[in-house]
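**Q** Could you have a look at this structure, given as structure tokens, before my questions?
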Amino acid sequence: MSNSRINRPFQVAIIGSGPAGVYAADILTKSQEVQGGDVQVSIDIFEAHPAPYGLIRYGVAPDHPRIKGIM
């Protein structure tokens, strides 16, 4: 068996496509390791509801413009 790295992406499953799920995916894809090419990431987002974005779609408090902006 060799000590060489296997070039497989780091596989991540995110349950829920609401603000927390979208932010988690965003943070992973913008991390230094991924941006630098040291780590590859494959992200699957699972949502039980027919429409994505959770509270973003169905009503976020008006004082949270950053959350509304991720759509």
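In the structure tokens, chains take letters A, B, ... by order of appearance, with residues numbered from 1 within each chain and ligands from 1 in the order shown.
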With only C-alpha atoms as the counted atoms, please give the residues lying no more than 8 Å from Ile45 of chain A, apart from itself and same-chain residues fewer than 5 positions off, as number ranges by chain.
**A** A: 13-17, 21
**Q** Pick from A:Ser31, A:Ser42, A:Gly37, A:Asp26: nearest to Gln11 of chain A, with only C-alpha atoms counted?
**A**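 Among the listed residues, the smallest separation from Gln11 of chain A belongs to A:Ser42.
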